[in-house]
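Everything below concerns the one structure shown next.
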Amino acid sequence: MALPTNLHELDANALRQLLIAQDRELTWRQSKINQLTHELALHKRWRFGVKTERLSAEQAQLFEETVEADLAAITEELEQLSGKPASAKGQAKRKPLPPELPRTEIHHEPDSTLCACGCQMKRIGEDVAEKLDYTPGIFSVERHIRGKWVCQMGVQLQPLVDALKVELLAFPVLHADETPVAMLDPGAGKTHRAYLWSYSIGAHDPVRAVIYDFAESRAGKHAQDFLGDWRGTLVCDDYSGYKALIAKGVTEAGCMAHARRKFFELQEHGQSQIAGEALERIAALYGIEQDARELKAEARQRLRETRARVLTQ
């Protein structure tokens, strides 16, 4: 909490209220830091420690794909709460070269713009990197311009993707997840973390559709931009990036695999007496869903009503 600029003008009662408010904020911050530190330790144990939990191959792959992103998100939130500036790992930001220096443009384009499939490629942009050059007595800048080309076939598929998105957003229940991917930075010659957001219709729905939306960050605005005015039920994990959607009217349905992991961690550390019971109930629910996989909607609902409902009460 920032101190008011008129601090010297406050009376004793106002100063007392200010101290109380600051003490509450400090208590909340410390509580949040303790919580995040605990979660960070659990994630690191999962990532680097011995994996004793018995998971299916699909669940193990799910956790492996998200744990790195979770570690990065928790670390960033800890830095914000503790007031430490976020910095790139082992990298110093390079200042732009002075604009008054003379520049020479060097273009890098493919020898042929004909794709291997036979289609003519289309230029969709360019990447520009600047390099300082020196000859005796003269500094100059080399501007390396690298064109970005894609196959026209991929561009022609965009209307199909748009139509698929319209079909997908017509369903009342969707699944969403995001996976980190390495993105090459041509100017730096290195990679940085980007994300592939995926949106799908439920496994029991008549249409099988998945759309992958590439984004350069894990910011929640990417999910908001994709879903737009859609206000159905979203099956997702507890990542904070989805919370803005929930606040705008989207109904949240938590991912059972992620919820199960929390109970497992509690049981392993002996912090909950009922965690074991929760794991047994979740295992029983998984078994019911396995039996219901090939059933029609009405039969699947009856099975859940008779066998699953009692496990959730």
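So you can find residues: chains in the structure tokens are A, B, ... in the order shown, residues in each start at 1, and ligands are numbered from 1 in order.
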
Next item on the list: Among the residues of range 82-286 of chain A, find those DSSP assigns to helix (DSSP H, G or I) from the backbone and print them as a VMD selection string.
Entry: chain A and resid 82 152 to 156 158 to 168 221 to 227 240 to 247 256 to 268 275 to 286

Note to self: Give me the residues near range 254-258 of chain A as a PyMOL selection string, where near means some atom within 7 Å (using only C-alpha atoms) and where sequence neighbours in that chain fewer than 4 positions away do not count.
What the structure shows: chain A and resi 59+235-238+262

Check: From the list A:Ala176, A:Leu285, A:Ala275, A:Leu303, which residue is nearest Gly241 in chain A when using only C-alpha atoms?
Finding: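 For Gly241 in chain A, the nearest of the given residues is A:Ala176.
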
Next item on the list: Have a look at A:Ala209, A:Ala284, A:Ile33, A:Leu279 and name the one nearest to Ala163 in chain A; count only C-alpha atoms.
Entry: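 Answer, going by the shortest atom-to-atom distance: A:Ala209.
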
Next item on the list: Please indicate the distance in Å from CA of Gly232 in chain A to CA of Arg218 in chain A, rounded to one decimal place.
Entry: 21.7 Å

Next item on the list: With a distance cut-off of 10 Å and only C-alpha atoms, select the neighbouring residues of range 144-153 of chain A, excluding the residue or stretch itself and same-chain residues fewer than 4 positions from it, and output the selection as number ranges by chain.
Entry: A: 104-110, 113-131, 157-158, 186-187
